[in-house]
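Structure file entry-v2.txt (compact mmCIF, C-alpha atoms) is printed below.
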# COMPACT_ATOMS: atom_id res chain seq x y z
CA MET A 189 -54.20 48.79 21.52
CA ALA A 190 -54.39 45.25 22.90
CA GLU A 191 -57.63 44.26 24.57
CA ASP A 192 -57.41 44.14 28.36
CA THR A 193 -57.45 40.44 29.30
CA GLN A 194 -58.49 41.25 32.87
CA GLU A 195 -61.70 43.12 31.98
CA PRO A 196 -64.44 42.39 34.52
CA LEU A 197 -67.14 40.13 33.19
CA ALA A 198 -70.64 41.55 33.11
CA GLY A 199 -72.83 39.85 35.70
CA ALA A 200 -69.90 38.38 37.64
CA GLY A 201 -72.03 38.33 40.77
CA ALA A 202 -74.80 36.54 38.92
CA LEU A 203 -72.25 34.02 37.64
CA ARG A 204 -71.10 33.21 41.16
CA GLU A 205 -74.68 32.83 42.34
CA ALA A 206 -75.57 30.57 39.38
CA LEU A 207 -72.58 28.33 40.07
CA ARG A 208 -73.21 28.13 43.80
CA ALA A 209 -76.87 27.28 43.16
CA LEU A 210 -75.73 24.17 41.28
CA LEU A 211 -73.64 22.80 44.14
CA PRO A 212 -75.03 21.10 47.24
CA PRO A 213 -75.15 23.60 50.14
CA THR A 214 -73.48 21.40 52.77
CA LYS A 215 -70.19 19.53 52.95
CA GLU A 216 -72.10 16.31 53.68
CA GLU A 217 -74.08 16.59 50.43
CA LEU A 218 -70.93 17.53 48.55
CA ALA A 219 -69.13 14.35 49.64
CA LEU A 220 -68.37 11.52 47.20
CA GLU A 221 -68.98 7.89 48.04
CA LEU A 222 -65.71 6.18 47.19
CA GLY A 223 -64.55 2.59 47.51
CA GLU A 224 -61.43 1.07 48.98
CA ASN A 225 -59.36 1.89 45.89
CA VAL A 226 -58.98 5.48 47.12
CA GLU A 227 -56.74 5.91 50.16
CA ARG A 228 -58.20 7.23 53.38
CA SER A 229 -55.83 10.22 53.28
CA VAL A 230 -57.26 11.27 49.91
CA VAL A 231 -60.84 10.87 51.13
CA GLN A 232 -59.94 13.09 54.07
CA LEU A 233 -58.46 15.69 51.69
CA LEU A 234 -61.71 15.72 49.73
CA GLN A 235 -63.68 16.25 52.91
CA GLU A 236 -61.42 19.11 53.97
CA ALA A 237 -61.73 20.74 50.54
CA ALA A 238 -65.54 20.48 50.70
CA GLU A 239 -65.51 22.05 54.17
CA LEU A 240 -63.30 24.90 52.95
CA PHE A 241 -65.59 25.51 49.99
CA CYS A 242 -68.79 25.50 52.04
CA GLY A 243 -67.09 27.81 54.55
CA GLY A 244 -66.32 30.35 51.85
CA ARG A 245 -62.55 30.01 52.20
CA ARG A 246 -61.87 30.30 48.49
CA SER A 247 -58.09 30.65 48.49
CA GLU A 248 -57.54 27.64 50.76
CA CYS A 249 -60.10 25.58 48.82
CA LEU A 250 -58.29 26.41 45.59
CA GLN A 251 -55.03 25.12 47.07
CA ALA A 252 -56.75 21.94 48.27
CA SER A 253 -58.29 21.36 44.83
CA GLU A 254 -54.84 21.70 43.24
CA ALA A 255 -53.50 19.04 45.62
CA ILE A 256 -56.41 16.75 44.72
CA LEU A 257 -55.75 17.25 41.01
CA ASP A 258 -52.00 16.66 41.31
CA TYR A 259 -52.43 13.38 43.19
CA SER A 260 -55.31 12.01 41.09
CA TRP A 261 -53.54 13.01 37.85
CA GLU A 262 -50.65 10.75 38.80
CA ARG A 263 -53.12 7.91 39.34
CA LEU A 264 -54.80 8.52 36.00
CA ASN A 265 -51.45 8.33 34.21
CA THR A 266 -50.04 5.25 35.93
CA GLY A 267 -50.43 2.13 33.79
CA PRO A 268 -52.98 1.46 30.99
CA TRP A 269 -56.08 3.68 30.96
CA ARG A 270 -58.37 0.64 31.11
CA ASP A 271 -56.87 -0.26 34.48
CA VAL A 272 -57.62 3.13 36.05
CA HIS A 273 -60.39 2.65 38.62
CA LYS A 274 -63.44 4.84 38.03
CA ASP A 275 -63.23 6.21 41.58
CA TRP A 276 -59.94 7.92 40.73
CA ARG A 277 -61.58 9.54 37.73
CA ARG A 278 -64.34 10.76 40.06
CA VAL A 279 -61.75 12.17 42.45
CA TYR A 280 -60.17 14.04 39.54
CA ALA A 281 -63.57 15.39 38.44
CA PHE A 282 -64.24 16.57 42.01
CA GLY A 283 -60.96 18.47 42.07
CA CYS A 284 -61.83 20.06 38.71
CA LEU A 285 -65.25 21.10 40.01
CA LEU A 286 -63.92 22.85 43.09
CA LYS A 287 -61.08 24.52 41.20
CA ALA A 288 -63.40 25.80 38.46
CA VAL A 289 -65.91 27.30 40.89
CA CYS A 290 -63.17 28.84 43.05
CA LEU A 291 -61.59 30.48 40.00
CA CYS A 292 -64.88 32.26 39.34
CA GLU A 293 -65.33 33.61 42.86
CA GLU A 294 -63.06 36.67 42.45
CA PRO A 295 -62.36 38.89 40.58
CA GLY A 296 -64.73 37.54 37.91
CA ASP A 297 -62.67 38.49 34.84
CA THR A 298 -62.93 36.75 31.48
CA THR A 299 -59.51 35.12 31.75
CA ALA A 300 -60.47 33.45 35.03
CA VAL A 301 -63.75 32.20 33.56
CA ALA A 302 -61.99 30.86 30.45
CA ALA A 303 -59.48 29.07 32.72
CA ALA A 304 -62.35 27.63 34.75
CA LEU A 305 -64.02 26.35 31.58
CA LYS A 306 -60.80 24.63 30.52
CA VAL A 307 -60.61 22.97 33.95
CA CYS A 308 -64.18 21.72 33.50
CA ASP A 309 -63.33 20.32 30.08
CA MET A 310 -60.37 18.45 31.56
CA GLY A 311 -62.73 16.99 34.15
CA LEU A 312 -65.15 15.92 31.42
CA LEU A 313 -62.36 14.41 29.29
CA MET A 314 -60.38 12.63 32.00
CA GLY A 315 -62.81 12.33 34.91
CA ALA A 316 -66.09 10.54 35.48
CA ALA A 317 -69.60 11.79 36.19
CA ILE A 318 -70.22 13.13 39.70
CA LEU A 319 -73.13 14.84 41.44
CA GLY A 320 -75.55 14.38 38.54
CA ASP A 321 -73.18 15.35 35.72
CA ILE A 322 -72.54 18.67 37.42
CA LEU A 323 -69.46 19.49 35.30
CA ILE A 324 -71.62 19.61 32.16
CA LYS A 325 -73.97 22.06 33.89
CA VAL A 326 -71.12 24.22 35.20
CA SER A 327 -69.53 24.27 31.73
CA ALA A 328 -72.79 25.44 30.16
CA ILE A 329 -73.05 28.35 32.61
CA LEU A 330 -69.41 29.37 32.09
CA GLN A 331 -69.70 29.19 28.33
CA ALA A 332 -72.91 31.24 28.33
CA HIS A 333 -71.18 33.96 30.36
CA LEU A 334 -68.15 33.98 28.07
CA ARG A 335 -70.39 34.31 25.02
CA SER A 336 -72.39 37.14 26.62
CA GLY A 337 -69.26 39.18 27.39
CA LYS A 338 -65.84 39.65 25.86
CA ARG A 339 -63.66 36.62 25.38
CA PRO A 340 -60.17 36.70 26.86
CA GLY A 341 -57.37 37.93 24.66
CA PRO A 342 -54.91 35.34 23.33
CA GLY A 343 -52.23 34.27 25.77
CA PRO A 344 -48.68 33.29 24.83
CA ALA A 345 -49.72 29.72 23.96
CA GLN A 346 -53.10 30.60 22.52
CA GLU A 347 -54.13 31.75 19.06
CA PRO A 348 -57.09 34.04 18.35
CA PRO A 349 -60.08 32.40 16.65
CA SER A 350 -59.94 32.62 12.90
CA MET A 351 -63.12 33.25 10.94
CA LYS A 352 -61.40 32.76 7.58
CA LYS A 353 -62.73 30.21 5.16
CA ALA A 354 -61.22 26.76 5.19
CA ARG A 355 -58.34 26.03 2.86
CA TYR A 356 -59.25 24.08 -0.24
CA ASP A 357 -56.34 22.37 -1.92
CA PRO A 358 -56.54 20.12 -5.00
CA VAL A 359 -57.66 16.69 -3.84
CA SER A 360 -57.82 13.36 -5.61
CA VAL A 361 -61.43 12.27 -6.17
CA PRO A 362 -61.66 8.57 -7.03
CA ASP A 363 -63.18 7.50 -10.34
CA MET A 364 -66.26 5.67 -9.09
CA THR A 365 -67.11 4.22 -12.50
CA SER A 366 -64.60 1.41 -11.98
CA GLU A 367 -65.83 0.49 -8.49
CA ARG A 368 -68.84 -1.41 -7.14
CA THR A 369 -70.93 1.15 -5.29
CA VAL A 370 -72.90 0.90 -2.07
CA PRO A 371 -76.67 0.60 -2.72
CA ARG A 372 -78.90 3.54 -1.84
CA LEU A 373 -82.40 3.68 -0.37
CA HIS A 374 -84.76 6.58 0.29
CA CYS A 375 -86.33 6.40 3.76
CA PRO A 376 -86.81 2.60 3.92
CA SER A 377 -89.22 1.23 6.50
CA LEU A 378 -87.78 -0.21 9.70
CA GLU A 379 -88.81 -3.72 8.64
CA HIS A 380 -87.29 -3.38 5.16
CA PHE A 381 -84.00 -2.15 6.61
CA ARG A 382 -83.97 -4.89 9.24
CA LYS A 383 -84.73 -7.72 6.82
CA TYR A 384 -82.53 -6.77 3.87
CA PHE A 385 -79.59 -4.94 5.49
CA LEU A 386 -79.34 -5.25 9.28
CA VAL A 387 -79.86 -9.01 9.59
CA PRO A 388 -77.71 -10.04 6.58
CA GLY A 389 -75.09 -7.37 7.44
CA ARG A 390 -75.15 -5.40 4.17
CA PRO A 391 -73.98 -1.77 3.87
CA VAL A 392 -76.47 0.75 2.51
CA ILE A 393 -76.74 4.53 2.15
CA LEU A 394 -79.95 5.99 3.57
CA GLU A 395 -81.20 9.12 1.83
CA GLY A 396 -83.89 11.50 3.05
CA VAL A 397 -83.47 10.47 6.71
CA ALA A 398 -81.09 13.09 8.11
CA ASP A 399 -81.24 15.88 5.55
CA GLN A 400 -83.74 17.85 7.65
CA TRP A 401 -81.73 17.74 10.88
CA PRO A 402 -80.92 21.28 12.16
CA CYS A 403 -77.17 20.62 11.80
CA MET A 404 -77.51 20.33 8.03
CA LYS A 405 -78.40 24.01 7.73
CA ARG A 406 -76.71 25.46 10.82
CA TRP A 407 -73.25 23.94 10.95
CA SER A 408 -70.39 25.91 9.43
CA LEU A 409 -66.95 26.93 10.67
CA GLU A 410 -68.46 30.13 12.06
CA TYR A 411 -71.27 28.31 13.88
CA ILE A 412 -68.93 25.70 15.35
CA GLN A 413 -66.60 28.44 16.58
CA GLU A 414 -69.52 30.33 18.10
CA ILE A 415 -70.89 27.30 19.95
CA ALA A 416 -67.73 25.35 20.74
CA GLY A 417 -64.74 27.58 19.97
CA CYS A 418 -63.58 28.04 23.57
CA ARG A 419 -63.94 24.36 24.50
CA THR A 420 -60.92 22.09 24.97
CA VAL A 421 -60.93 18.90 22.88
CA PRO A 422 -58.53 16.04 21.99
CA VAL A 423 -56.97 16.34 18.52
CA GLU A 424 -55.10 13.65 16.60
CA VAL A 425 -51.96 15.01 14.93
CA GLY A 426 -50.52 13.01 12.03
CA SER A 427 -51.65 11.53 8.74
CA ARG A 428 -53.19 8.39 10.26
CA TYR A 429 -53.15 6.65 13.61
CA THR A 430 -50.97 3.79 12.34
CA ASP A 431 -48.05 6.14 11.59
CA GLU A 432 -45.15 6.31 14.03
CA GLU A 433 -45.25 10.11 14.24
CA TRP A 434 -48.97 10.13 15.11
CA SER A 435 -49.86 11.73 18.45
CA GLN A 436 -52.71 13.29 20.38
CA THR A 437 -52.89 16.69 22.02
CA LEU A 438 -55.40 18.99 23.70
CA MET A 439 -56.40 22.39 22.30
CA THR A 440 -59.48 24.56 21.99
CA VAL A 441 -61.72 24.21 18.95
CA ASN A 442 -60.68 27.74 17.92
CA GLU A 443 -57.02 26.74 18.05
CA PHE A 444 -57.75 23.57 16.07
CA ILE A 445 -59.54 25.51 13.32
CA SER A 446 -56.84 28.18 13.19
CA ARG A 447 -53.93 25.72 13.06
CA HIS A 448 -55.29 22.87 10.97
CA ILE A 449 -58.17 24.19 8.86
CA SER A 450 -57.88 27.91 8.10
CA SER A 451 -54.11 28.10 7.63
CA GLU A 452 -51.40 26.00 6.02
CA PRO A 453 -50.73 23.36 8.70
CA LYS A 454 -47.44 21.72 9.58
CA ASP A 455 -49.28 18.45 10.30
CA VAL A 456 -52.70 16.97 9.63
CA GLY A 457 -55.05 17.55 12.58
CA TYR A 458 -58.25 15.60 13.18
CA LEU A 459 -60.85 15.88 15.91
CA ALA A 460 -61.71 12.20 15.65
CA GLN A 461 -63.87 9.74 17.58
CA HIS A 462 -64.68 12.23 20.31
CA GLN A 463 -67.94 12.32 22.29
CA LEU A 464 -68.30 16.05 21.67
CA PHE A 465 -72.06 15.99 22.10
CA ASP A 466 -71.82 14.78 25.69
CA GLN A 467 -69.35 17.59 26.35
CA ILE A 468 -71.43 20.28 24.56
CA PRO A 469 -75.18 19.48 24.78
CA GLU A 470 -76.02 22.55 22.67
CA LEU A 471 -74.57 20.77 19.62
CA ARG A 472 -76.46 17.59 20.58
CA GLN A 473 -79.71 19.47 20.00
CA ASP A 474 -78.82 19.82 16.31
CA ILE A 475 -78.77 16.06 15.63
CA SER A 476 -81.12 13.11 16.16
CA ILE A 477 -80.63 9.42 16.80
CA PRO A 478 -81.73 7.55 13.65
CA ASP A 479 -84.97 5.63 14.22
CA TYR A 480 -83.30 2.48 12.89
CA CYS A 481 -81.21 2.27 16.07
CA CYS A 482 -84.35 1.05 17.86
CA LEU A 483 -83.82 -2.28 16.07
CA GLY A 484 -80.81 -2.91 18.31
CA ASP A 485 -80.74 -4.65 21.67
CA GLY A 486 -79.36 -1.77 23.75
CA ALA A 487 -81.11 1.21 25.31
CA GLU A 488 -80.87 4.65 23.70
CA GLU A 489 -78.43 5.88 26.36
CA GLU A 490 -76.06 3.05 25.40
CA ILE A 491 -75.62 4.47 21.87
CA THR A 492 -72.18 6.07 21.47
CA ILE A 493 -72.26 9.29 19.45
CA ASN A 494 -68.89 10.50 18.14
CA ALA A 495 -67.78 13.59 16.23
CA TRP A 496 -65.32 13.46 13.32
CA PHE A 497 -64.24 16.97 12.31
CA GLY A 498 -61.25 17.84 10.18
CA PRO A 499 -59.79 19.31 6.99
CA GLN A 500 -59.75 17.62 3.62
CA GLY A 501 -57.26 14.80 3.40
CA THR A 502 -57.84 13.24 6.81
CA VAL A 503 -57.68 9.43 6.64
CA SER A 504 -59.03 6.65 8.81
CA PRO A 505 -57.05 3.52 7.80
CA LEU A 506 -58.93 0.37 6.84
CA HIS A 507 -60.33 -1.00 10.12
CA GLN A 508 -63.38 -2.64 11.68
CA ASP A 509 -65.49 -1.80 14.75
CA PRO A 510 -67.28 -4.09 17.23
CA GLN A 511 -70.69 -2.41 16.85
CA GLN A 512 -73.21 -1.44 14.19
CA ASN A 513 -72.49 2.05 12.86
CA PHE A 514 -74.52 4.80 11.22
CA LEU A 515 -72.13 7.39 9.76
CA VAL A 516 -73.95 10.66 9.08
CA GLN A 517 -72.28 13.22 6.83
CA VAL A 518 -73.01 16.83 7.82
CA MET A 519 -70.33 18.95 6.11
CA GLY A 520 -68.21 18.08 3.07
CA ARG A 521 -67.77 14.72 1.36
CA LYS A 522 -65.96 11.52 2.25
CA TYR A 523 -64.70 8.69 0.07
CA ILE A 524 -65.33 5.34 1.77
CA ARG A 525 -64.26 1.81 0.79
CA LEU A 526 -65.85 -1.22 2.50
CA TYR A 527 -64.88 -4.90 2.74
CA SER A 528 -66.84 -7.80 4.17
CA PRO A 529 -65.55 -9.45 7.38
CA GLN A 530 -65.25 -12.62 5.27
CA GLU A 531 -62.33 -10.96 3.44
CA SER A 532 -60.33 -10.37 6.65
CA GLU A 533 -57.38 -12.62 5.73
CA ALA A 534 -56.90 -10.81 2.42
CA LEU A 535 -56.80 -7.47 4.27
CA TYR A 536 -53.75 -8.42 6.37
CA PRO A 537 -54.71 -7.17 9.86
CA HIS A 538 -51.88 -6.07 12.14
CA GLU A 539 -50.66 -8.88 14.37
CA THR A 540 -50.34 -6.74 17.49
CA HIS A 541 -53.24 -6.74 19.94
CA LEU A 542 -53.46 -2.94 19.89
CA LEU A 543 -54.02 -2.80 16.11
CA HIS A 544 -55.60 -6.20 15.48
CA ASN A 545 -58.71 -4.48 14.06
CA THR A 546 -56.68 -2.43 11.55
CA SER A 547 -55.33 -3.50 8.14
CA GLN A 548 -51.67 -3.08 7.21
CA VAL A 549 -52.68 -2.19 3.65
CA ASP A 550 -52.72 1.39 2.34
CA VAL A 551 -56.04 1.04 0.51
CA GLU A 552 -55.48 3.64 -2.22
CA ASN A 553 -51.81 2.83 -2.72
CA PRO A 554 -51.43 -0.88 -1.85
CA ASP A 555 -48.09 -2.70 -1.90
CA LEU A 556 -49.27 -5.77 -3.79
CA ASP A 557 -45.85 -7.41 -3.60
CA LYS A 558 -46.15 -7.41 0.16
CA PHE A 559 -49.94 -7.92 0.30
CA PRO A 560 -50.81 -9.86 -2.89
CA ARG A 561 -54.20 -11.20 -1.77
CA PHE A 562 -55.54 -7.69 -1.25
CA ALA A 563 -56.02 -7.27 -5.01
CA GLU A 564 -58.51 -10.16 -5.00
CA ALA A 565 -60.70 -8.84 -2.16
CA PRO A 566 -64.07 -7.55 -3.45
CA SER A 567 -65.19 -4.21 -2.10
CA LEU A 568 -67.95 -1.61 -2.16
CA SER A 569 -67.31 2.12 -2.25
CA CYS A 570 -69.14 5.42 -2.13
CA ILE A 571 -68.76 9.15 -1.86
CA LEU A 572 -70.86 10.19 1.14
CA SER A 573 -72.37 13.67 0.85
CA PRO A 574 -74.12 15.95 3.37
CA GLY A 575 -77.48 14.63 4.50
CA GLU A 576 -76.62 10.99 3.74
CA ILE A 577 -76.25 8.14 6.25
CA LEU A 578 -74.00 5.15 5.61
CA PHE A 579 -74.87 1.96 7.48
CA ILE A 580 -71.63 0.11 8.29
CA PRO A 581 -72.51 -3.34 9.67
CA LEU A 582 -70.82 -4.88 12.68
CA GLN A 583 -67.19 -5.92 11.91
CA TYR A 584 -67.37 -4.55 8.35
CA TRP A 585 -63.97 -3.20 7.28
CA HIS A 586 -64.01 0.46 6.21
CA TYR A 587 -61.49 3.01 4.93
CA VAL A 588 -62.38 6.72 5.00
CA ARG A 589 -60.77 9.77 3.36
CA ALA A 590 -62.15 13.32 3.55
CA LEU A 591 -62.47 15.00 0.15
CA ASP A 592 -63.39 18.37 1.69
CA LEU A 593 -63.48 20.10 5.05
CA SER A 594 -65.67 17.53 6.76
CA PHE A 595 -67.86 16.97 9.80
CA SER A 596 -69.37 13.53 10.33
CA VAL A 597 -71.34 12.06 13.22
CA SER A 598 -71.23 8.35 13.99
CA PHE A 599 -73.74 6.36 16.01
CA TRP A 600 -72.40 3.07 17.41
CA TRP A 601 -75.16 0.76 18.58
CA SER A 602 -75.63 -2.87 19.59

Reformat the file's structure so that it appears as structure tokens.
Amino acid sequence: MAEDTQEPLAGAGALREALRALLPPTKEELALELGENVERSVVQLLQEAAELFCGGRRSECLQASEAILDYSWERLNTGPWRDVHKDWRRVYAFGCLLKAVCLCEEPGDTTAVAAALKVCDMGLLMGAAILGDILIKVSAILQAHLRSGKRPGPGPAQEPPSMKKARYDPVSVPDMTSERTVPRLHCPSLEHFRKYFLVPGRPVILEGVADQWPCMKRWSLEYIQEIAGCRTVPVEVGSRYTDEEWSQTLMTVNEFISRHISSEPKDVGYLAQHQLFDQIPELRQDISIPDYCCLGDGAEEEITINAWFGPQGTVSPLHQDPQQNFLVQVMGRKYIRLYSPQESEALYPHETHLLHNTSQVDVENPDLDKFPRFAEAPSLSCILSPGEILFIPLQYWHYVRALDLSFSVSFWWS
């Protein structure tokens, strides 16, 4: 017999009280300070929605939040993302907040809470921080309640979480004997790292630095599904982002694992370059910022931490980044090839502005008739294993291919 998707959630009253305790008690405290980029009519709609919420008029507040989301969504999707004013992202986040809390008012069933959590995730992905990062706090409460009770049954567009092992297909492992390898160091001092690698811009693998992080023992498919399975994340679909058929879509982590890791997929899926640890602080507790980042100019909160999670065979084409990078391998292995910025001309970067930091060359299957100078470019390579950290200097070209089911964490710092 199918599980009832409308089963009341244990402690539904406590959930409502916990959510309401997070929000300011008055409409004045709930108001956002917005600039001239947001029309007066929209500001008035926000004020009315806050008044409806504080007055306990859930149904009308839910309708108002939907109107806020519809209008701000249009603004978020008009023109290039970089041109979207932050105030419109804050408006969108406000709409998500009100909708999520209203969904949990009545009747308190698991499907409503799961829907509210998805709304929060959309606010975290597309919106901007409001009211002291309140969406992160609301998400944590909703997720805790879902984990304490029964999860909703799969809907028509949803797949149940799969706890099967990841697929392991035959994969080509490069013969490293013919390649110059990245040097390795065991727990170098800050000064040694700064003098011999950071300042001259030389790649190095650091051993013994991250192998005791909690993630090294805890993280598995089962653990990731337990902690993050019901969370909505962006997934890249396609072999590599330079391919014409490449696209991005949103799905839960459970759906991603079921479609692209546990079963035979139609396309390659990759949860790539996503700030998952801002979205799910519980996972953030399993990792640490490498001490060597203190040698940079920026503050700790300016360090960008990204997750890279996917099946074997995922590829990041040869490209360069504008910051220093520590790539920490947690699960599986990755083959990585590196080229100095001095070799840029021989790597044939794309001429378009959008891909100017990406090479046209397929590193492991180069067309030397089309790109003859590539054969002359010296490189370093490595197979990065769990517990190891690869330092990729600023502007250093790097190509990455997953040899196994893989989870990496990157730290971009000034």

Checklist entry - Do you have the atom CA of A:Gln511-atom CA of A:Leu373 distance handy? => result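 Value for the atom CA of A:Gln511-atom CA of A:Leu373 distance: 21.7 Å.
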
Stretch 228-271 of chain A near stretch 279-301 of chain A within 9 Å: what's each residue's closest atom pair and its distance in Å to one decimal, counting only C-alpha atoms, ordered by chain then ascending residue number, as JSON lines?
{"residue": "A:Val230", "atom": "CA", "partner": "A:Val279", "partner_atom": "CA", "distance": 8.8}
{"residue": "A:Val231", "atom": "CA", "partner": "A:Val279", "partner_atom": "CA", "distance": 8.8}
{"residue": "A:Leu234", "atom": "CA", "partner": "A:Val279", "partner_atom": "CA", "distance": 8.1}
{"residue": "A:Ala237", "atom": "CA", "partner": "A:Leu286", "partner_atom": "CA", "distance": 8.0}
{"residue": "A:Ala238", "atom": "CA", "partner": "A:Leu286", "partner_atom": "CA", "distance": 8.1}
{"residue": "A:Phe241", "atom": "CA", "partner": "A:Leu286", "partner_atom": "CA", "distance": 7.6}
{"residue": "A:Arg246", "atom": "CA", "partner": "A:Cys290", "partner_atom": "CA", "distance": 5.8}
{"residue": "A:Ser247", "atom": "CA", "partner": "A:Cys290", "partner_atom": "CA", "distance": 7.7}
{"residue": "A:Cys249", "atom": "CA", "partner": "A:Cys290", "partner_atom": "CA", "distance": 7.3}
{"residue": "A:Leu250", "atom": "CA", "partner": "A:Lys287", "partner_atom": "CA", "distance": 5.5}
{"residue": "A:Gln251", "atom": "CA", "partner": "A:Lys287", "partner_atom": "CA", "distance": 8.5}
{"residue": "A:Ala252", "atom": "CA", "partner": "A:Gly283", "partner_atom": "CA", "distance": 8.3}
{"residue": "A:Ser253", "atom": "CA", "partner": "A:Gly283", "partner_atom": "CA", "distance": 4.8}
{"residue": "A:Glu254", "atom": "CA", "partner": "A:Gly283", "partner_atom": "CA", "distance": 7.0}
{"residue": "A:Ala255", "atom": "CA", "partner": "A:Gly283", "partner_atom": "CA", "distance": 8.3}
{"residue": "A:Ile256", "atom": "CA", "partner": "A:Gly283", "partner_atom": "CA", "distance": 5.5}
{"residue": "A:Leu257", "atom": "CA", "partner": "A:Gly283", "partner_atom": "CA", "distance": 5.5}
{"residue": "A:Asp258", "atom": "CA", "partner": "A:Tyr280", "partner_atom": "CA", "distance": 8.8}
{"residue": "A:Tyr259", "atom": "CA", "partner": "A:Tyr280", "partner_atom": "CA", "distance": 8.6}
{"residue": "A:Ser260", "atom": "CA", "partner": "A:Tyr280", "partner_atom": "CA", "distance": 5.5}
{"residue": "A:Trp261", "atom": "CA", "partner": "A:Tyr280", "partner_atom": "CA", "distance": 6.9}
{"residue": "A:Leu264", "atom": "CA", "partner": "A:Tyr280", "partner_atom": "CA", "distance": 8.5}

Checklist outcome for this item: re atom CA of A:Leu591 and atom CA of A:Gln500: distance 5.1 Å

List as a PDB file with C-alpha atoms, keeping the file's coordinate frame the protein and nucleic acid residues near stretch 537-548 of chain A, meaning an atom at most 10 Å away when all atoms listed in the file are counted, but skip any in the same chain fewer than 4 places from it.
ATOM      1  CA  TYR A 429     -53.150   6.650  13.610  1.00  0.00           C
ATOM      2  CA  THR A 430     -50.970   3.790  12.340  1.00  0.00           C
ATOM      3  CA  SER A 504     -59.030   6.650   8.810  1.00  0.00           C
ATOM      4  CA  PRO A 505     -57.050   3.520   7.800  1.00  0.00           C
ATOM      5  CA  LEU A 506     -58.930   0.370   6.840  1.00  0.00           C
ATOM      6  CA  HIS A 507     -60.330  -1.000  10.120  1.00  0.00           C
ATOM      7  CA  GLN A 508     -63.380  -2.640  11.680  1.00  0.00           C
ATOM      8  CA  ASP A 509     -65.490  -1.800  14.750  1.00  0.00           C
ATOM      9  CA  PRO A 510     -67.280  -4.090  17.230  1.00  0.00           C
ATOM     10  CA  SER A 532     -60.330 -10.370   6.650  1.00  0.00           C
ATOM     11  CA  GLU A 533     -57.380 -12.620   5.730  1.00  0.00           C
ATOM     12  CA  PRO A 554     -51.430  -0.880  -1.850  1.00  0.00           C
ATOM     13  CA  ASP A 555     -48.090  -2.700  -1.900  1.00  0.00           C
ATOM     14  CA  LYS A 558     -46.150  -7.410   0.160  1.00  0.00           C
ATOM     15  CA  PHE A 559     -49.940  -7.920   0.300  1.00  0.00           C
ATOM     16  CA  GLN A 583     -67.190  -5.920  11.910  1.00  0.00           C
ATOM     17  CA  TRP A 585     -63.970  -3.200   7.280  1.00  0.00           C
ATOM     18  CA  HIS A 586     -64.010   0.460   6.210  1.00  0.00           C
ATOM     19  CA  TYR A 587     -61.490   3.010   4.930  1.00  0.00           C
TER      20      TYR A 587
END

Item to check | Atom-to-atom span, atom CA of A:Glu236 and atom CA of A:Ala219, Å | outcome: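 That distance, rounded to one decimal, is 10.0 Å.
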
Closest atom pairs, residues of stretch 482-529 of chain A within 10 Å of stretch 380-387 of chain A, all atoms listed in the file, as a Markdown table:
| residue | atom | partner | partner_atom | distance |
| --- | --- | --- | --- | --- |
| A:Leu483 | CA | A:Arg382 | CA | 7.3 |
| A:Gly484 | CA | A:Leu386 | CA | 9.4 |
| A:Gln512 | CA | A:Leu386 | CA | 8.7 |

Next on the checklist: Excluding A:Met364 and its own-chain neighbours fewer than 5 positions away, which residues fall within 12 Å of it when counting all atoms listed in the file? Please give them as an NGL selection string.
Outcome noted: :A and (369-370 or 523-525 or 568-571)

Next on the checklist: Taking all atoms listed in the file into account, name the residue in A:His462, A:Lys215, A:Arg472, A:Arg335 that is nearest to A:Ala495.
Outcome noted: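 Of all the options, A:His462 lies closest to A:Ala495.
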
Item to check | Nearest residue to A:Val361 from the set A:Arg208, A:Lys522, A:Lys274, A:His448 (distances using all atoms listed in the file) | outcome: A:Lys522

Next on the checklist: Residues near stretch 403-418 of chain A, anyone? I mean within 7 Å using all atoms listed in the file, not counting same-chain ones fewer than 3 positions away, as a list in words.
Outcome noted: Met351, Asp399, Gln400, Thr440, Val441, Asn442, Asp474, Ile475, Val518 and Gly575 of chain A
